[in-house]
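A.B. asks: Pasting query.cif below, which is mmCIF, C-alpha atoms.
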```cif
data_run
#
loop_
_atom_site.label_atom_id
_atom_site.label_comp_id
_atom_site.auth_asym_id
_atom_site.auth_seq_id
_atom_site.Cartn_x
_atom_site.Cartn_y
_atom_site.Cartn_z
CA MET A 962 40.02 -35.21 34.44
CA THR A 963 39.96 -38.04 36.91
CA GLY A 964 36.98 -37.69 39.24
CA VAL A 965 35.91 -34.40 37.69
CA THR A 966 33.01 -33.88 35.30
CA ILE A 967 32.60 -30.67 33.30
CA THR A 968 29.34 -29.98 31.49
CA PHE A 969 28.11 -26.94 29.61
CA VAL A 970 25.18 -25.09 31.16
CA SER A 971 25.12 -22.52 28.35
CA ASP A 972 27.54 -21.09 25.81
CA TYR A 973 29.32 -19.20 28.61
CA ILE A 974 28.71 -21.26 31.72
CA ILE A 975 30.21 -24.61 32.65
CA ASN A 976 29.44 -26.78 35.64
CA ILE A 977 32.33 -28.48 37.41
CA ALA A 978 31.51 -31.51 39.55
CA ASN A 979 34.18 -32.68 41.94
CA ALA A 980 34.21 -36.38 42.91
CA THR A 981 37.94 -36.70 43.50
CA GLY A 982 37.64 -37.43 47.21
CA GLY A 983 39.12 -34.12 48.29
CA THR A 984 38.64 -30.39 47.94
CA VAL A 985 40.09 -29.05 44.68
CA ALA A 986 41.06 -25.43 43.99
CA PHE A 987 40.58 -25.43 40.24
CA ALA A 988 42.74 -22.91 38.37
CA ILE A 989 40.98 -21.48 35.30
CA SER A 990 43.09 -19.53 32.82
CA LYS A 991 42.77 -18.24 29.27
CA LEU A 992 45.34 -19.02 26.61
CA LEU A 993 46.71 -15.81 25.14
CA THR A 994 47.69 -15.58 21.47
CA SER A 995 51.31 -15.49 22.64
CA GLY A 996 50.91 -19.12 23.68
CA VAL A 997 51.02 -18.25 27.39
CA PHE A 998 48.18 -18.79 29.83
CA ASN A 999 47.04 -15.73 31.74
CA THR A 1000 46.88 -15.52 35.52
CA ALA A 1001 44.48 -18.15 36.75
CA THR A 1002 41.23 -17.55 38.55
CA THR A 1003 40.71 -20.04 41.36
CA LEU A 1004 37.47 -21.89 42.03
CA SER A 1005 37.46 -24.10 45.12
CA ILE A 1006 34.97 -27.00 45.17
CA LEU A 1007 34.48 -29.54 47.98
CA THR A 1008 34.40 -33.18 47.01
CA GLY A 1009 30.85 -34.33 46.26
CA ASN A 1010 29.91 -30.78 45.29
CA ASN A 1011 29.62 -28.95 42.01
CA SER A 1012 29.81 -25.32 40.99
CA ASN A 1013 29.14 -23.18 37.93
CA TYR A 1014 31.80 -21.01 36.36
CA THR A 1015 30.97 -18.15 33.95
CA PHE A 1016 33.43 -17.07 31.28
CA ASN A 1017 33.33 -13.42 30.28
CA ALA A 1018 34.95 -13.61 26.86
CA ASP A 1019 35.43 -15.93 23.89
CA GLY A 1020 38.66 -17.87 23.85
CA ILE A 1021 40.32 -21.14 24.72
CA TYR A 1022 40.69 -21.92 28.43
CA LYS A 1023 42.33 -24.47 30.71
CA VAL A 1024 40.51 -25.76 33.79
CA TRP A 1025 43.31 -27.20 35.88
CA ASN A 1026 43.28 -29.48 38.93
CA PRO A 1027 46.63 -28.72 40.61
CA THR A 1028 46.22 -31.62 43.05
CA ALA A 1029 46.14 -34.21 40.29
CA GLY A 1030 48.29 -32.20 37.87
CA GLU A 1031 45.77 -32.43 35.04
CA GLY A 1032 43.05 -30.34 33.46
CA ASN A 1033 40.56 -29.93 30.63
CA VAL A 1034 40.47 -27.57 27.67
CA ILE A 1035 37.35 -25.46 27.11
CA ILE A 1036 36.59 -23.49 23.92
CA ILE A 1037 34.18 -20.56 24.32
CA SER A 1038 32.78 -18.97 21.13
CA GLY A 1039 29.30 -17.72 22.01
CA ASP A 1040 29.92 -14.10 21.02
CA ILE A 1041 31.26 -15.11 17.64
CA LEU A 1042 28.26 -17.32 16.99
CA THR A 1043 26.00 -14.41 17.90
CA GLU A 1044 27.82 -12.11 15.47
CA LEU A 1045 27.70 -14.80 12.78
CA GLU A 1046 23.97 -15.00 13.33
CA LYS A 1047 23.65 -11.26 12.70
CA ASP A 1048 25.55 -11.42 9.42
CA ILE A 1049 23.79 -14.53 8.17
CA LYS A 1050 20.40 -13.15 9.11
CA GLN A 1051 21.15 -10.00 7.12
CA VAL A 1052 22.11 -12.02 4.05
CA LEU A 1053 19.20 -14.47 4.28
CA LEU A 1054 16.60 -11.73 4.67
CA SER A 1055 18.04 -9.42 2.03
CA ASP A 1056 15.95 -8.71 -1.05
CA ASP A 1057 18.91 -7.10 -2.78
CA LEU A 1058 21.99 -9.08 -1.92
CA LYS A 1059 24.36 -6.90 -3.90
CA LYS A 1060 23.70 -4.15 -1.41
CA GLU A 1061 24.88 -6.48 1.33
CA LEU A 1062 28.00 -7.65 -0.44
CA PRO A 1063 30.47 -5.09 0.85
CA LYS A 1064 29.84 -6.76 4.16
CA GLY A 1065 29.25 -10.10 2.55
CA TYR A 1066 32.66 -10.42 1.02
CA ASP A 1067 34.32 -10.30 4.42
CA PHE A 1068 31.77 -12.81 5.57
CA ILE A 1069 33.63 -15.38 3.46
CA ASN A 1070 36.80 -14.74 5.41
CA LEU A 1071 34.89 -14.92 8.63
CA VAL A 1072 33.51 -18.31 7.72
CA ILE A 1073 36.95 -19.64 6.93
CA LEU A 1074 38.35 -18.30 10.18
CA SER A 1075 35.50 -19.60 12.23
CA ILE A 1076 35.84 -23.11 10.85
CA ALA A 1077 39.23 -23.25 12.51
CA PHE A 1078 37.63 -23.50 15.91
CA ILE A 1079 33.87 -23.81 15.96
CA GLY A 1080 34.04 -27.16 14.20
CA ASN A 1081 36.99 -28.32 16.21
CA ASN A 1082 35.91 -30.85 18.80
CA THR A 1083 39.29 -32.50 19.25
CA PHE A 1084 40.11 -30.20 22.11
CA GLN A 1085 36.69 -29.24 23.43
CA ASN A 1086 36.34 -30.38 27.04
CA THR A 1087 39.12 -32.94 26.67
CA LEU A 1088 42.23 -33.56 28.74
CA TYR A 1089 44.83 -30.81 28.45
CA SER A 1090 48.05 -31.91 26.75
CA ALA A 1091 51.11 -29.69 26.81
CA GLY A 1092 52.16 -31.28 23.52
CA SER A 1093 49.14 -29.73 21.80
CA LEU A 1094 49.97 -26.18 22.81
CA THR A 1095 50.64 -25.19 19.19
CA ASN A 1096 47.18 -26.32 18.14
CA TYR A 1097 45.60 -24.61 21.13
CA THR A 1098 47.40 -21.40 20.24
CA VAL A 1099 46.20 -21.51 16.64
CA ILE A 1100 42.64 -21.80 17.88
CA ALA A 1101 43.20 -18.98 20.39
CA THR A 1102 44.52 -16.84 17.55
CA ALA A 1103 41.55 -17.67 15.33
CA VAL A 1104 39.16 -16.68 18.11
CA ASP A 1105 41.06 -13.46 18.74
CA ARG A 1106 41.25 -12.49 15.08
CA THR A 1107 37.63 -13.28 14.45
CA THR A 1108 36.60 -11.22 17.45
CA LYS A 1109 38.67 -8.27 16.20
CA TYR A 1110 37.25 -8.75 12.73
CA LEU A 1111 33.74 -8.64 14.08
CA ASP A 1112 34.49 -5.45 15.98
CA ARG A 1113 35.78 -3.85 12.80
CA GLN A 1114 32.89 -5.23 10.80
CA ASP A 1115 30.57 -3.00 12.76
CA ASN A 1116 32.70 0.10 12.48
CA THR A 1117 34.65 0.22 9.26
CA SER A 1118 33.99 0.10 5.56
CA GLN A 1119 34.73 -2.87 3.38
CA SER A 1120 37.64 -1.12 1.67
CA THR A 1121 39.74 -1.05 4.82
CA ASN A 1122 38.48 -4.24 6.35
CA LYS A 1123 40.76 -6.97 5.03
CA ILE A 1124 42.69 -8.17 8.02
CA TRP A 1125 42.81 -11.78 6.95
CA GLN A 1126 43.77 -11.41 3.30
CA MET B 597 51.65 -23.60 11.29
CA ALA B 598 49.99 -26.98 11.30
CA VAL B 599 46.78 -27.40 13.18
CA THR B 600 44.56 -30.38 13.72
CA ILE B 601 40.93 -29.77 12.82
CA ASN B 602 38.29 -32.33 13.59
CA PHE B 603 34.70 -31.38 12.96
CA ASN B 604 31.72 -31.99 15.11
CA SER B 605 30.38 -35.09 13.33
CA ASN B 606 26.97 -33.52 12.81
CA LEU B 607 28.58 -30.43 11.33
CA LEU B 608 30.82 -32.51 9.08
CA SER B 609 27.83 -34.48 7.79
CA LEU B 610 26.01 -31.23 7.14
CA TYR B 611 28.96 -29.82 5.23
CA GLN B 612 29.42 -32.99 3.15
CA THR B 613 25.76 -32.89 2.14
CA PHE B 614 26.02 -29.20 1.35
CA TYR B 615 29.22 -29.65 -0.67
CA THR B 616 27.88 -32.62 -2.62
CA ALA B 617 24.72 -30.77 -3.58
CA ARG B 618 26.38 -27.44 -4.36
CA LYS B 619 29.78 -28.49 -5.67
CA VAL B 620 29.41 -26.91 -9.13
CA ASP B 621 28.10 -23.60 -7.81
CA LEU B 622 30.78 -23.49 -5.12
CA THR B 623 33.59 -24.26 -7.55
CA GLU B 624 32.46 -21.62 -10.01
CA SER B 625 32.01 -19.04 -7.29
CA LEU B 626 35.31 -19.77 -5.59
CA ALA B 627 37.08 -19.52 -8.95
CA TRP B 628 35.92 -15.95 -9.06
CA LEU B 629 37.71 -15.20 -5.82
CA ILE B 630 41.13 -15.60 -7.45
CA ASN B 631 40.11 -13.17 -10.15
CA ASP B 632 41.89 -9.85 -9.85
CA GLU B 633 38.66 -8.06 -10.60
CA LYS B 634 37.22 -9.07 -7.24
CA SER B 635 38.14 -5.72 -5.72
CA ILE B 636 36.48 -3.52 -8.31
CA GLY B 637 32.90 -4.54 -7.86
CA THR B 638 30.52 -7.36 -7.29
CA SER B 639 29.53 -10.25 -9.48
CA GLU B 640 26.84 -12.86 -9.76
CA GLU B 641 29.40 -15.44 -8.60
CA GLN B 642 29.96 -13.47 -5.43
CA VAL B 643 26.24 -13.27 -4.81
CA ILE B 644 25.89 -17.00 -5.30
CA LEU B 645 28.77 -17.86 -3.00
CA ILE B 646 27.58 -15.62 -0.20
CA LEU B 647 24.10 -17.02 -0.51
CA LEU B 648 25.39 -20.60 -0.49
CA LEU B 649 27.51 -19.99 2.60
CA ALA B 650 24.71 -18.18 4.41
CA ASN B 651 22.34 -21.04 3.75
CA PHE B 652 24.94 -23.55 4.90
CA TYR B 653 25.34 -21.59 8.12
CA PHE B 654 21.57 -21.44 8.53
CA ASP B 655 21.81 -25.19 9.20
CA ALA B 656 25.23 -25.16 10.86
CA ILE B 657 24.29 -22.58 13.49
CA LYS B 658 21.45 -24.82 14.62
CA VAL B 659 23.87 -27.72 15.14
CA LEU B 660 26.38 -25.53 16.96
CA ARG B 661 23.80 -23.86 19.21
CA GLN B 662 22.15 -27.12 20.17
CA VAL B 663 25.45 -28.56 21.38
CA ASN B 664 25.30 -26.37 24.48
CA THR B 665 21.59 -25.54 24.45
CA PRO B 666 19.48 -28.52 23.28
CA THR B 667 16.26 -26.51 23.57
CA TRP B 668 17.52 -23.91 21.06
CA THR B 669 15.21 -23.32 18.09
CA TYR B 670 15.28 -20.98 15.11
CA LEU B 671 12.90 -18.71 16.99
CA ASN B 672 15.80 -17.93 19.31
CA TRP B 673 17.41 -16.41 16.24
CA PHE B 674 14.55 -15.07 14.12
CA THR B 675 11.05 -13.77 14.62
CA GLN B 676 8.35 -16.00 13.20
CA ILE B 677 7.87 -13.58 10.29
CA GLU B 678 11.60 -13.55 9.53
CA TYR B 679 11.78 -17.33 9.77
CA ASP B 680 8.84 -17.78 7.41
CA LYS B 681 10.39 -15.39 4.90
CA ILE B 682 13.73 -17.21 4.99
CA ILE B 683 12.11 -20.62 4.58
CA SER B 684 10.15 -19.29 1.62
CA LYS B 685 13.33 -17.95 0.01
CA ARG B 686 15.14 -21.23 0.65
CA GLU B 687 12.38 -23.18 -1.03
CA ILE B 688 12.79 -21.03 -4.12
CA LEU B 689 16.52 -21.76 -4.06
CA GLY B 690 15.86 -25.49 -3.80
CA TYR B 691 16.82 -26.09 -0.16
#
```
Step by step, read the file and then write its structure as structure tokens.

C.D. replies:
Amino acid sequence: MTGVTITFVSDYIINIANATGGTVAFAISKLLTSGVFNTATTLSILTGNNSNYTFNADGIYKVWNPTAGEGNVIIISGDILTELEKDIKQVLLSDDLKKELPKGYDFINLVILSIAFIGNNTFQNTLYSAGSLTNYTVIATAVDRTTKYLDRQDNTSQSTNKIWQ
Amino acid sequence: MAVTINFNSNLLSLYQTFYTARKVDLTESLAWLINDEKSIGTSEEQVILILLLANFYFDAIKVLRQVNTPTWTYLNWFTQIEYDKIISKREILGY
């Protein structure tokens, strides 16, 4: 965005620096899997100032400057990385991998799903383009499905846990 | 639905190295996945594939974590004892 710099403070916190020359009421909204952005949260920042914003869930977001009519796309996937870490740790430390495989088989699907967004830097912290909404929505769907998968991973058996197949 | 996927260059490099080194194992293991018998038990191919992917992600997670947190180390993920055990197992596997 022109005159605006967004940097990551952590997996869930971004810093927005406003050097546009005027106060900006940034509108921050999450893209739903329906392809519609949810109701925006507003964060007002004076010019020359900066402020942190904390996301509370994985997903793909738009940080919008309504004054300039432009915004950036932000992909948040910290929870999914944390859950991936748990699964991978279990596999790497296992002395009897076949015992882990009921979980492990779904791990393959998880990896394939996760590649759809964690490796995708085309849209990370880049200018929002309405023409890319389809791609954004695919990523939002991948995040959503992976999150649901991870929830089920903890609570259901392998035999009923095949949401991606 | 078409989607554009561009990898973090460090992640892509990591994957290319992984794929080049493990192509035969990966191909054999993935071939098993189209076998109808996949749902009736486990196989050595499945074990190999899971292990390959887990070891790939051992490296990939580091790249992904350090994007937002440059000070991240494996000790944010494992205890020292766990880390030492994993490194020992990886050495046996030829990583």

A.B. asks: Go ahead and compute the interatomic distance for atom CA of A:Ile1037 and atom CA of A:Gln1051, in Å to one decimal.

C.D. replies: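 Distance reported for this atom pair: 24.0 Å.
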
A.B. asks: Atom CA of A:Gly983 and atom CA of A:Tyr1089 are how many Å apart?

C.D. replies: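 It comes out at 20.9 Å.
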
A.B. asks: Put the listed atoms of stretch 643-653 of chain B in a box along x, y and z with 8 Å added on every side and give me the centre and edge lengths in Å to one decimal, as JSON.

C.D. replies:
```
{"center_x": 25.6, "center_y": -18.4, "center_z": 1.4, "size_x": 22.4, "size_y": 26.3, "size_z": 29.4}
```

A.B. asks: One number please: atom CA of A:Thr1098 to atom CA of B:Ile646, in Å, one decimal.

C.D. replies: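 Here the two named atoms are 29.1 Å from each other.
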
A.B. asks: Which is closer to chain B than all the others in A:Thr1107, A:Thr966, A:Ser971, A:Ile1021, using all atoms listed in the file?

C.D. replies: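 Closest candidate: A:Ser971.
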
A.B. asks: Nearest residue to chain B out of A:Thr981, A:Thr963, A:Thr968, A:Thr1108, using only C-alpha atoms?

C.D. replies: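 Checking each candidate against chain B, we get A:Thr968 as the closest.
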
A.B. asks: Excluding same-chain residues fewer than 5 positions from A:Thr1102, what lies within 9 Å of it counting all atoms listed in the file, as a ChimeraX atom specification?

C.D. replies: /A:993-995,1020,1097,1107

A.B. asks: List, as a PDB file with C-alpha atoms, keeping the file's coordinate frame, every residue that the PyMOL selection byres ((chain B and resi 657-665) around 12) selects in the file provided.

C.D. replies:
```
ATOM      1  CA  THR A 968      29.340 -29.980  31.490  1.00  0.00           C
ATOM      2  CA  PHE A 969      28.110 -26.940  29.610  1.00  0.00           C
ATOM      3  CA  VAL A 970      25.180 -25.090  31.160  1.00  0.00           C
ATOM      4  CA  SER A 971      25.120 -22.520  28.350  1.00  0.00           C
ATOM      5  CA  ASP A 972      27.540 -21.090  25.810  1.00  0.00           C
ATOM      6  CA  TYR A 973      29.320 -19.200  28.610  1.00  0.00           C
ATOM      7  CA  ILE A 974      28.710 -21.260  31.720  1.00  0.00           C
ATOM      8  CA  ILE A 975      30.210 -24.610  32.650  1.00  0.00           C
ATOM      9  CA  ASN A 976      29.440 -26.780  35.640  1.00  0.00           C
ATOM     10  CA  ILE A1036      36.590 -23.490  23.920  1.00  0.00           C
ATOM     11  CA  ILE A1037      34.180 -20.560  24.320  1.00  0.00           C
ATOM     12  CA  SER A1038      32.780 -18.970  21.130  1.00  0.00           C
ATOM     13  CA  GLY A1039      29.300 -17.720  22.010  1.00  0.00           C
ATOM     14  CA  ASP A1040      29.920 -14.100  21.020  1.00  0.00           C
ATOM     15  CA  ILE A1041      31.260 -15.110  17.640  1.00  0.00           C
ATOM     16  CA  LEU A1042      28.260 -17.320  16.990  1.00  0.00           C
ATOM     17  CA  THR A1043      26.000 -14.410  17.900  1.00  0.00           C
ATOM     18  CA  GLU A1044      27.820 -12.110  15.470  1.00  0.00           C
ATOM     19  CA  LEU A1045      27.700 -14.800  12.780  1.00  0.00           C
ATOM     20  CA  GLU A1046      23.970 -15.000  13.330  1.00  0.00           C
ATOM     21  CA  LYS A1047      23.650 -11.260  12.700  1.00  0.00           C
ATOM     22  CA  ASP A1048      25.550 -11.420   9.420  1.00  0.00           C
ATOM     23  CA  ILE A1049      23.790 -14.530   8.170  1.00  0.00           C
ATOM     24  CA  LYS A1050      20.400 -13.150   9.110  1.00  0.00           C
ATOM     25  CA  VAL A1072      33.510 -18.310   7.720  1.00  0.00           C
ATOM     26  CA  SER A1075      35.500 -19.600  12.230  1.00  0.00           C
ATOM     27  CA  ILE A1076      35.840 -23.110  10.850  1.00  0.00           C
ATOM     28  CA  PHE A1078      37.630 -23.500  15.910  1.00  0.00           C
ATOM     29  CA  ILE A1079      33.870 -23.810  15.960  1.00  0.00           C
ATOM     30  CA  GLY A1080      34.040 -27.160  14.200  1.00  0.00           C
ATOM     31  CA  ASN A1081      36.990 -28.320  16.210  1.00  0.00           C
ATOM     32  CA  ASN A1082      35.910 -30.850  18.800  1.00  0.00           C
ATOM     33  CA  GLN A1085      36.690 -29.240  23.430  1.00  0.00           C
TER      34      GLN A1085
ATOM     35  CA  PHE B 603      34.700 -31.380  12.960  1.00  0.00           C
ATOM     36  CA  ASN B 604      31.720 -31.990  15.110  1.00  0.00           C
ATOM     37  CA  SER B 605      30.380 -35.090  13.330  1.00  0.00           C
ATOM     38  CA  ASN B 606      26.970 -33.520  12.810  1.00  0.00           C
ATOM     39  CA  LEU B 607      28.580 -30.430  11.330  1.00  0.00           C
ATOM     40  CA  LEU B 608      30.820 -32.510   9.080  1.00  0.00           C
ATOM     41  CA  SER B 609      27.830 -34.480   7.790  1.00  0.00           C
ATOM     42  CA  LEU B 610      26.010 -31.230   7.140  1.00  0.00           C
ATOM     43  CA  TYR B 611      28.960 -29.820   5.230  1.00  0.00           C
ATOM     44  CA  LEU B 649      27.510 -19.990   2.600  1.00  0.00           C
ATOM     45  CA  ALA B 650      24.710 -18.180   4.410  1.00  0.00           C
ATOM     46  CA  ASN B 651      22.340 -21.040   3.750  1.00  0.00           C
ATOM     47  CA  PHE B 652      24.940 -23.550   4.900  1.00  0.00           C
ATOM     48  CA  TYR B 653      25.340 -21.590   8.120  1.00  0.00           C
ATOM     49  CA  PHE B 654      21.570 -21.440   8.530  1.00  0.00           C
ATOM     50  CA  ASP B 655      21.810 -25.190   9.200  1.00  0.00           C
ATOM     51  CA  ALA B 656      25.230 -25.160  10.860  1.00  0.00           C
ATOM     52  CA  PRO B 666      19.480 -28.520  23.280  1.00  0.00           C
ATOM     53  CA  THR B 667      16.260 -26.510  23.570  1.00  0.00           C
ATOM     54  CA  TRP B 668      17.520 -23.910  21.060  1.00  0.00           C
ATOM     55  CA  THR B 669      15.210 -23.320  18.090  1.00  0.00           C
ATOM     56  CA  TYR B 670      15.280 -20.980  15.110  1.00  0.00           C
ATOM     57  CA  LEU B 671      12.900 -18.710  16.990  1.00  0.00           C
ATOM     58  CA  ASN B 672      15.800 -17.930  19.310  1.00  0.00           C
ATOM     59  CA  TRP B 673      17.410 -16.410  16.240  1.00  0.00           C
ATOM     60  CA  PHE B 674      14.550 -15.070  14.120  1.00  0.00           C
TER      61      PHE B 674
END
```

A.B. asks: Given the file shown, determine the residues that the PyMOL selection byres ((chain B and resi 690) around 12) selects; report them as a PDB file with C-alpha atoms, keeping the file's coordinate frame.

C.D. replies:
```pdb
ATOM      1  CA  PHE B 614      26.020 -29.200   1.350  1.00  0.00           C
ATOM      2  CA  ALA B 617      24.720 -30.770  -3.580  1.00  0.00           C
ATOM      3  CA  ARG B 618      26.380 -27.440  -4.360  1.00  0.00           C
ATOM      4  CA  LEU B 648      25.390 -20.600  -0.490  1.00  0.00           C
ATOM      5  CA  ASN B 651      22.340 -21.040   3.750  1.00  0.00           C
ATOM      6  CA  ILE B 683      12.110 -20.620   4.580  1.00  0.00           C
ATOM      7  CA  SER B 684      10.150 -19.290   1.620  1.00  0.00           C
ATOM      8  CA  LYS B 685      13.330 -17.950   0.010  1.00  0.00           C
ATOM      9  CA  ARG B 686      15.140 -21.230   0.650  1.00  0.00           C
ATOM     10  CA  GLU B 687      12.380 -23.180  -1.030  1.00  0.00           C
ATOM     11  CA  ILE B 688      12.790 -21.030  -4.120  1.00  0.00           C
ATOM     12  CA  LEU B 689      16.520 -21.760  -4.060  1.00  0.00           C
ATOM     13  CA  TYR B 691      16.820 -26.090  -0.160  1.00  0.00           C
TER      14      TYR B 691
END
```

A.B. asks: Find, counting only C-alpha atoms, the residue in A:Leu1053, A:Leu1088, A:Ile1035, A:Leu1094 that gets nearest to chain B.

C.D. replies: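 Of A:Leu1053, A:Leu1088, A:Ile1035, A:Leu1094, the one nearest chain B is A:Leu1053, counting only C-alpha atoms.
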
A.B. asks: Applied to this file, what does the PyMOL selection byres ((chain A and resi 1009-1014) around 8) return in terms of residues, put as a list in words?

C.D. replies: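 Selected by the PyMOL selection byres ((chain A and resi 1009-1014) around 8) in this file: Ile974, Ile975, Asn976, Ile977, Ala978, Asn979, Ala980, Thr981, Gly982, Ile1006, Leu1007, Thr1008, Thr1015 and Phe1016 of chain A.
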
A.B. asks: Ranking B:Val620, B:Ile682, B:Thr613, B:Glu641 by minimum distance to chain A and counting all atoms listed in the file, which one comes first?

C.D. replies: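 Answer, going by the shortest atom-to-atom distance: B:Ile682.
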
A.B. asks: When you look at A:Ala1029 with a cut-off of 12 Å (counting all atoms listed in the file), what residues show up, excluding the ones that are within fewer than 2 positions of it in the same chain? I need them as a list in words.

C.D. replies: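 Answer for this query is Met962, Thr963, Gly964, Val965, Thr981, Gly982, Gly983, Thr984, Val985, Ala986, Phe987, Ala988, Trp1025, Asn1026, Pro1027, Glu1031, Gly1032 and Asn1033 of chain A.
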
A.B. asks: Which of these residues is nearest to chain A, using only C-alpha atoms: B:Thr616, B:Lys681, B:Thr675, B:Glu624?

C.D. replies: B:Lys681

A.B. asks: So which one's closest to B:Glu678, A:Asn1096, A:Ala1101, A:Ser1055, A:Phe1084? Using all atoms listed in the file, please.

C.D. replies: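 Distance minimum relative to B:Glu678 lands on A:Ser1055.
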